[in-house]
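Note sheet for the following structure.
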Amino acid sequence: MSAEAIIEAKAVSKWYGQFHALKDINLTVHKGERIVICGPSGSGKSTLIRCFNRLEAHQEGDITVNGIELHPKMKNVADVRSNVGMVFQHFNLFPHMTVLMNCMAGPMWVKGVSAAEARKTALRFLERVRIPEQANKFPVQLSGGQQQRVAIARSLCMQPAVMLFDEPTSALDPEMVSEVLDTMTGLARDGMTMVCVTHEMGFARAVADRMIFMDAGQIVEEGKPDSFFGNPQHARTKLFLSQILKH
Amino acid sequence: MLYPDTVEAEILVHKPWFVATMFGAVFAIFLAFNLTSTSFGELMRPVIGEPSQSGLYGRFAIAFVIALLFVLNVVLIGFASLRVQIAIVWFELLLLFLAFFATFHLSLPFIWEKLPFLISQGVVTTLYVSAISIVIASLIAILGAVAKLSTNGFAYAIASFYTSFFRGLPLLMQVYLIYLGLPQLGFVVGAVPAGILALSLCYGAYMTEIFRSGIQSIDRGQWEASRSMGFGFSLTMRRIILPQALPVIIPPTGNQFISMLKDSSLVSVIGVWELMFLARTLGQKTFQHMEMLISASAIYWMLSICLELIQSRIERHYARSKVR
């Protein structure tokens, strides 16, 4: 990996009160890289990626995103966030706006793009997630899978340097999971830098450049998907994979 | 609407035990009063003869007929559709009220004579005082709500002191404090501005709490999504949070507005010629208090109904994004 680093975490630790949520995390995400983070619930995967756009604060260590260091007194957190797209488990679309407006809002209000320009971009990305015909509906009128695809389009409209996915398919019906995963696979193929927290191991195998397994706030194991799935080193990873791949 | 089940319940007013109980209760109530000397007695003359000499038989017959008519009325209404039921019951209750007021023997010509002035001076003053106050109160409420939710010590302290003070003092005292107290500091305020100020500050305090709970009712995920796109605090508040909080805020705010409409009568103590003030003074000269007070009440009620209608229109507008 000689490409430039987009996210660089060095010796990151985080506590919730007494609870040590992240322990000495070291992770570098390079441009164009697709990383999948998995692990049991409560292991700190979501917390970690939420630290990358500073929805959560870390207490020790350094996180640098796009060359900007994240710290409590930073003034330009909006610059970081507008360059880091985030897709949430529960979509978090803005329910009072149409799908189109959801996608136009970011570019218009943060980047000062004209309405016509924003509209063009929005329609382009809605096309890409294959729901341009829903543009004038409100989010509640869409299925879960469609909503999540809109959420992806909304993030893409900001043309971010990296996309963070926080369990994007966990709240979806089985049938809708694949339409979202297809969209994400398409993104990966186009070279988007991605960090995904997900339990979709088929997707991980197909798309990931690097697998990361977390447990109890630590990175336990990381490696290429082939060796990660074929020959896991740690007992904890083996147990997790055997549980999750059992059915 | 409460949760509408798909199984139709039996109609209560058609159940024999309910009809019988209703009949018994109405009969007992009217038997307790001697109605033979009223217009009911006159109407029953063909049956009971001279009302004043009919005695127990007359009382019994009148109560029986009233109970029968009442039960018949209720049972018949039970057959109608929901909308018709609502309309008929409203109409009948209104009729009863009018009958009640008819017993006051009000002088209608006097009311007609004074009504134009009551409306052109009183209603207009009441309306504009209330309207300006509710706008200012809403602005105060947004600021107050944000301050009460902030981590800034000064903002929180000022906002909570403000809401505590203005919710804790009687509105009448606030009116006096502003009208009579401010001149002590060298600011002489007119009666109308003082009234508006008092109403705004008082209702701003109540509405601060309404806005605060409205803002808090919005899911954290909305904040996270908005901030994660790089929206700042005020943009998130204006474009994402407040528009979603409005449907939650509007019903209690409509309530406050209606309540303010009537509380604005308190500013009459400092000599503002609003509706209540005029109602009292216009009737005084000729001792026709009831005429004016009842007219004023009717006007207040009609204004409130208008506000209720406007409120339901706005609520429907905001329900748009919730329709599947």
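Naming works like this for the structure tokens: A, B, ... for the chains as they're shown, residue 1 at the start of each chain, ligands 1 onward in shown order.
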Counting only C-alpha atoms, give me one row per residue of segment 48-127 of chain A with an atom at most 9 Å from an atom of segment 209-224 of chain B, showing the shortest contact pair and its distance in Å to one decimal, sorted by chain then residue number, as JSON lines.
```
{"residue": "A:Leu55", "atom": "CA", "partner": "B:Glu224", "partner_atom": "CA", "distance": 7.0}
{"residue": "A:Phe88", "atom": "CA", "partner": "B:Gly221", "partner_atom": "CA", "distance": 8.4}
{"residue": "A:His90", "atom": "CA", "partner": "B:Gly221", "partner_atom": "CA", "distance": 7.9}
{"residue": "A:Phe91", "atom": "CA", "partner": "B:Gly221", "partner_atom": "CA", "distance": 8.5}
{"residue": "A:Asn92", "atom": "CA", "partner": "B:Gly221", "partner_atom": "CA", "distance": 5.6}
{"residue": "A:Leu93", "atom": "CA", "partner": "B:Gln222", "partner_atom": "CA", "distance": 7.4}
{"residue": "A:Phe94", "atom": "CA", "partner": "B:Gln222", "partner_atom": "CA", "distance": 6.9}
```
Give me the residues of chain B that have any atom at most 12 Å from an atom of chain A; for each, the nearest atom pair and the distance in Å, rounded to one decimal. Use only C-alpha atoms, sort by chain and number, and format it as a Markdown table.
```
| residue | atom | partner | partner_atom | distance |
| --- | --- | --- | --- | --- |
| B:Ile218 | CA | A:Phe94 | CA | 11.0 |
| B:Asp219 | CA | A:Asn92 | CA | 8.8 |
| B:Arg220 | CA | A:Asn92 | CA | 9.1 |
| B:Gly221 | CA | A:Asn92 | CA | 5.6 |
| B:Gln222 | CA | A:Asn92 | CA | 5.8 |
| B:Trp223 | CA | A:Asn92 | CA | 9.0 |
| B:Glu224 | CA | A:Leu55 | CA | 7.0 |
| B:Ala225 | CA | A:Asn92 | CA | 6.0 |
| B:Ser226 | CA | A:Phe94 | CA | 8.5 |
| B:Arg227 | CA | A:Arg81 | CA | 7.6 |
| B:Ser228 | CA | A:Arg81 | CA | 5.4 |
| B:Met229 | CA | A:Ser82 | CA | 5.1 |
| B:Gly230 | CA | A:Ala78 | CA | 4.3 |
| B:Phe231 | CA | A:Val110 | CA | 6.3 |
| B:Gly232 | CA | A:Ala78 | CA | 7.3 |
| B:Phe233 | CA | A:Ala78 | CA | 10.5 |
| B:Ser234 | CA | A:Trp109 | CA | 11.6 |
| B:Leu235 | CA | A:Trp109 | CA | 8.1 |
| B:Thr236 | CA | A:Trp109 | CA | 10.2 |
| B:Arg238 | CA | A:Trp109 | CA | 11.7 |
| B:Arg239 | CA | A:Ala105 | CA | 9.3 |
| B:Ile240 | CA | A:Phe94 | CA | 7.0 |
| B:Ile241 | CA | A:Phe94 | CA | 9.3 |
| B:Leu242 | CA | A:His96 | CA | 10.4 |
| B:Pro243 | CA | A:His96 | CA | 7.3 |
| B:Gln244 | CA | A:His96 | CA | 6.5 |
| B:Ala245 | CA | A:His96 | CA | 10.2 |
| B:Leu246 | CA | A:His96 | CA | 10.7 |
| B:Pro247 | CA | A:His96 | CA | 10.6 |
| B:His317 | CA | A:His96 | CA | 11.4 |
| B:Tyr318 | CA | A:His96 | CA | 8.5 |
| B:Ala319 | CA | A:His96 | CA | 9.5 |
| B:Arg320 | CA | A:His96 | CA | 8.4 |
| B:Ser321 | CA | A:His96 | CA | 5.6 |
| B:Lys322 | CA | A:Val140 | CA | 6.6 |
| B:Val323 | CA | A:Gln141 | CA | 7.4 |
| B:Arg324 | CA | A:Gln141 | CA | 4.9 |
```
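Here atom CA of Ala191 of chain B is placed at a distance of 23.1 Å from atom CA of Ile299 of chain B.
For Ala28 of chain B, the non-local neighbours within 9 Å, defined as residues at least 4 positions apart in the same chain or in other chains and counting only C-alpha atoms, are Phe23, Gly24, Ala32, Ala63 and Ala67 of chain B.
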Go through B:Ser81, B:Asn73, B:Thr6, B:Gln174 and flag the residue nearest Val269 of chain B, using only C-alpha atoms for the distances.
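That would be B:Gln174, the residue with the smallest distance to Val269 of chain B.
Comparing A:Gln134, A:Ser13, A:Gln218, A:Gln233 by their smallest distance to Pro40 of chain A, the closest is A:Gln218 (using only C-alpha atoms).
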Find the residues near Glu92 of chain B: any atom within 12 Å, counting only C-alpha atoms, skip ones fewer than 4 places away on the same chain, and give them as a PDB file with N, CA, C and O atoms, in the first residue's frame.
```pdb
ATOM      1  N   PHE B  70     -85.630  12.391  25.929  1.00  0.00           N
ATOM      2  CA  PHE B  70     -84.169  12.365  26.027  1.00  0.00           C
ATOM      3  C   PHE B  70     -83.611  11.034  25.525  1.00  0.00           C
ATOM      4  O   PHE B  70     -82.729  10.977  24.683  1.00  0.00           O
ATOM      5  N   ASN B  73     -84.095  10.521  21.831  1.00  0.00           N
ATOM      6  CA  ASN B  73     -83.129  11.349  21.121  1.00  0.00           C
ATOM      7  C   ASN B  73     -81.768  10.654  21.054  1.00  0.00           C
ATOM      8  O   ASN B  73     -81.165  10.523  19.990  1.00  0.00           O
ATOM      9  N   VAL B  74     -81.306  10.167  22.207  1.00  0.00           N
ATOM     10  CA  VAL B  74     -79.987   9.539  22.265  1.00  0.00           C
ATOM     11  C   VAL B  74     -79.961   8.261  21.431  1.00  0.00           C
ATOM     12  O   VAL B  74     -79.016   8.022  20.670  1.00  0.00           O
ATOM     13  N   ILE B  77     -79.884   9.152  17.736  1.00  0.00           N
ATOM     14  CA  ILE B  77     -78.568   9.656  17.317  1.00  0.00           C
ATOM     15  C   ILE B  77     -77.599   8.488  17.159  1.00  0.00           C
ATOM     16  O   ILE B  77     -76.732   8.499  16.285  1.00  0.00           O
ATOM     17  N   GLN B  85     -73.561  12.342  13.879  1.00  0.00           N
ATOM     18  CA  GLN B  85     -73.657  12.330  15.344  1.00  0.00           C
ATOM     19  C   GLN B  85     -73.014  13.576  15.938  1.00  0.00           C
ATOM     20  O   GLN B  85     -73.598  14.273  16.766  1.00  0.00           O
ATOM     21  N   ILE B  86     -71.784  13.846  15.489  1.00  0.00           N
ATOM     22  CA  ILE B  86     -71.046  14.993  16.037  1.00  0.00           C
ATOM     23  C   ILE B  86     -71.834  16.269  15.791  1.00  0.00           C
ATOM     24  O   ILE B  86     -72.023  17.091  16.697  1.00  0.00           O
ATOM     25  N   ALA B  87     -72.334  16.427  14.551  1.00  0.00           N
ATOM     26  CA  ALA B  87     -73.057  17.653  14.206  1.00  0.00           C
ATOM     27  C   ALA B  87     -74.314  17.802  15.068  1.00  0.00           C
ATOM     28  O   ALA B  87     -74.573  18.884  15.626  1.00  0.00           O
ATOM     29  N   ILE B  88     -75.091  16.708  15.203  1.00  0.00           N
ATOM     30  CA  ILE B  88     -76.345  16.813  15.959  1.00  0.00           C
ATOM     31  C   ILE B  88     -76.067  17.129  17.430  1.00  0.00           C
ATOM     32  O   ILE B  88     -76.707  17.999  18.025  1.00  0.00           O
ATOM     33  N   LEU B  96     -79.194  24.070  23.929  1.00  0.00           N
ATOM     34  CA  LEU B  96     -79.408  24.121  25.380  1.00  0.00           C
ATOM     35  C   LEU B  96     -78.790  25.375  25.974  1.00  0.00           C
ATOM     36  O   LEU B  96     -79.378  26.038  26.831  1.00  0.00           O
ATOM     37  N   PHE B  97     -77.572  25.725  25.498  1.00  0.00           N
ATOM     38  CA  PHE B  97     -76.920  26.935  25.991  1.00  0.00           C
ATOM     39  C   PHE B  97     -77.750  28.162  25.675  1.00  0.00           C
ATOM     40  O   PHE B  97     -77.959  29.038  26.529  1.00  0.00           O
ATOM     41  N   LEU B  98     -78.244  28.219  24.423  1.00  0.00           N
ATOM     42  CA  LEU B  98     -79.042  29.375  24.019  1.00  0.00           C
ATOM     43  C   LEU B  98     -80.299  29.464  24.887  1.00  0.00           C
ATOM     44  O   LEU B  98     -80.701  30.557  25.320  1.00  0.00           O
ATOM     45  N   ALA B  99     -80.890  28.299  25.161  1.00  0.00           N
ATOM     46  CA  ALA B  99     -82.082  28.296  26.006  1.00  0.00           C
ATOM     47  C   ALA B  99     -81.753  28.837  27.392  1.00  0.00           C
ATOM     48  O   ALA B  99     -82.517  29.594  27.990  1.00  0.00           O
TER      49      ALA B  99
END
```
Separation of atom CA of Val19 of chain B from atom CA of Leu95 of chain B, in Å and rounded to one decimal:
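Interatomic distance here is 23.0 Å.
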Excluding segment 236-246 of chain A and residues on its chain fewer than 3 positions from it, collect all residues at most 10 Å away from it, counting only C-alpha atoms, and give them as a count of residues only.
20
Near Asn136 of chain A, within 9 Å and counting only C-alpha atoms, which residues show up once chain neighbours fewer than 6 positions away are dropped, as a PyMOL selection string?
chain A and resi 98-101
Restricted to N, CA and C atoms, what would the selected residues look like written as an mmCIF file, in the first residue's frame?
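The result, stored in result_18.cif:
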```cif
data_model
loop_
_atom_site.group_PDB
_atom_site.id
_atom_site.type_symbol
_atom_site.label_atom_id
_atom_site.label_comp_id
_atom_site.auth_asym_id
_atom_site.auth_seq_id
_atom_site.Cartn_x
_atom_site.Cartn_y
_atom_site.Cartn_z
ATOM 1 N N THR A 98 -38.054 15.826 0.918
ATOM 2 C CA THR A 98 -38.161 14.789 -0.100
ATOM 3 C C THR A 98 -36.793 14.120 -0.258
ATOM 4 N N VAL A 99 -36.813 12.977 -0.942
ATOM 5 C CA VAL A 99 -35.576 12.259 -1.214
ATOM 6 C C VAL A 99 -34.579 13.169 -1.926
ATOM 7 N N LEU A 100 -35.083 13.888 -2.929
ATOM 8 C CA LEU A 100 -34.214 14.777 -3.696
ATOM 9 C C LEU A 100 -33.582 15.837 -2.797
ATOM 10 N N MET A 101 -34.426 16.432 -1.945
ATOM 11 C CA MET A 101 -33.932 17.505 -1.059
ATOM 12 C C MET A 101 -32.920 16.951 -0.067
#
```
Check the smallest atom-to-atom distance from each of B:Ala147, B:Ala61, B:Leu127, B:Leu106 to Leu275 of chain B using only C-alpha atoms, then report the winner.
B:Leu127
Leu172 of chain A: which residues within 8 Å, counting only C-alpha atoms, same-chain residues fewer than 4 positions away excluded, as an mmCIF file with all heavy atoms, in the first residue's frame?
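Okay, around-v9.cif is ready:
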```cif
data_model
loop_
_atom_site.group_PDB
_atom_site.id
_atom_site.type_symbol
_atom_site.label_atom_id
_atom_site.label_comp_id
_atom_site.auth_asym_id
_atom_site.auth_seq_id
_atom_site.Cartn_x
_atom_site.Cartn_y
_atom_site.Cartn_z
ATOM 1 N N GLY A 144 -37.243 -0.001 3.472
ATOM 2 C CA GLY A 144 -35.992 0.161 4.213
ATOM 3 C C GLY A 144 -34.777 0.157 3.303
ATOM 4 O O GLY A 144 -33.886 0.996 3.427
ATOM 5 N N GLY A 145 -34.769 -0.785 2.369
ATOM 6 C CA GLY A 145 -33.626 -0.876 1.470
ATOM 7 C C GLY A 145 -33.475 0.367 0.611
ATOM 8 O O GLY A 145 -32.371 0.876 0.412
ATOM 9 N N MET A 176 -33.985 -7.089 1.432
ATOM 10 C CA MET A 176 -33.494 -5.751 1.084
ATOM 11 C C MET A 176 -31.997 -5.623 1.298
ATOM 12 O O MET A 176 -31.381 -4.679 0.829
ATOM 13 C CB MET A 176 -34.215 -4.718 1.935
ATOM 14 C CG MET A 176 -35.689 -4.709 1.638
ATOM 15 S SD MET A 176 -36.560 -3.679 2.780
ATOM 16 C CE MET A 176 -38.198 -3.850 2.107
ATOM 17 N N VAL A 177 -31.436 -6.584 2.054
ATOM 18 C CA VAL A 177 -30.008 -6.519 2.323
ATOM 19 C C VAL A 177 -29.222 -6.528 1.027
ATOM 20 O O VAL A 177 -28.313 -5.721 0.826
ATOM 21 C CB VAL A 177 -29.581 -7.689 3.235
ATOM 22 C CG1 VAL A 177 -28.075 -7.795 3.295
ATOM 23 C CG2 VAL A 177 -30.167 -7.510 4.623
#
```
Write down as a PyMOL selection string the residues belonging to segment 97-187 of chain A that are assigned strand (DSSP E) by DSSP computed on the backbone.
chain A and resi 162-166
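Of the residues listed (A:Asp24, A:Asp190, A:Glu60, A:Glu175), A:Glu175 shows the shortest atom-to-atom separation from Gln146 of chain A; distances use only C-alpha atoms.
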Using DSSP on the backbone coordinates, identify all residues within segment 68-226 of chain A classified as helix (DSSP H, G or I); present the result as a PyMOL selection string.
chain A and resi 77-82+99-111+115-128+132-134+139-141+144-157+174-189+201-207+225-226
Closest to Ile29 of chain B among B:Ile62, B:Met207, B:Ala9, B:Ile48, using only C-alpha atoms?
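Looking only at the distances to Ile29 of chain B, the closest residue turns out to be B:Ile62.
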As an exercise, work out the distance from atom CA of Ala279 of chain B to atom CA of Leu118 of chain B in Å and give it to one decimal place.
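Between these atoms lies a distance of 7.2 Å.
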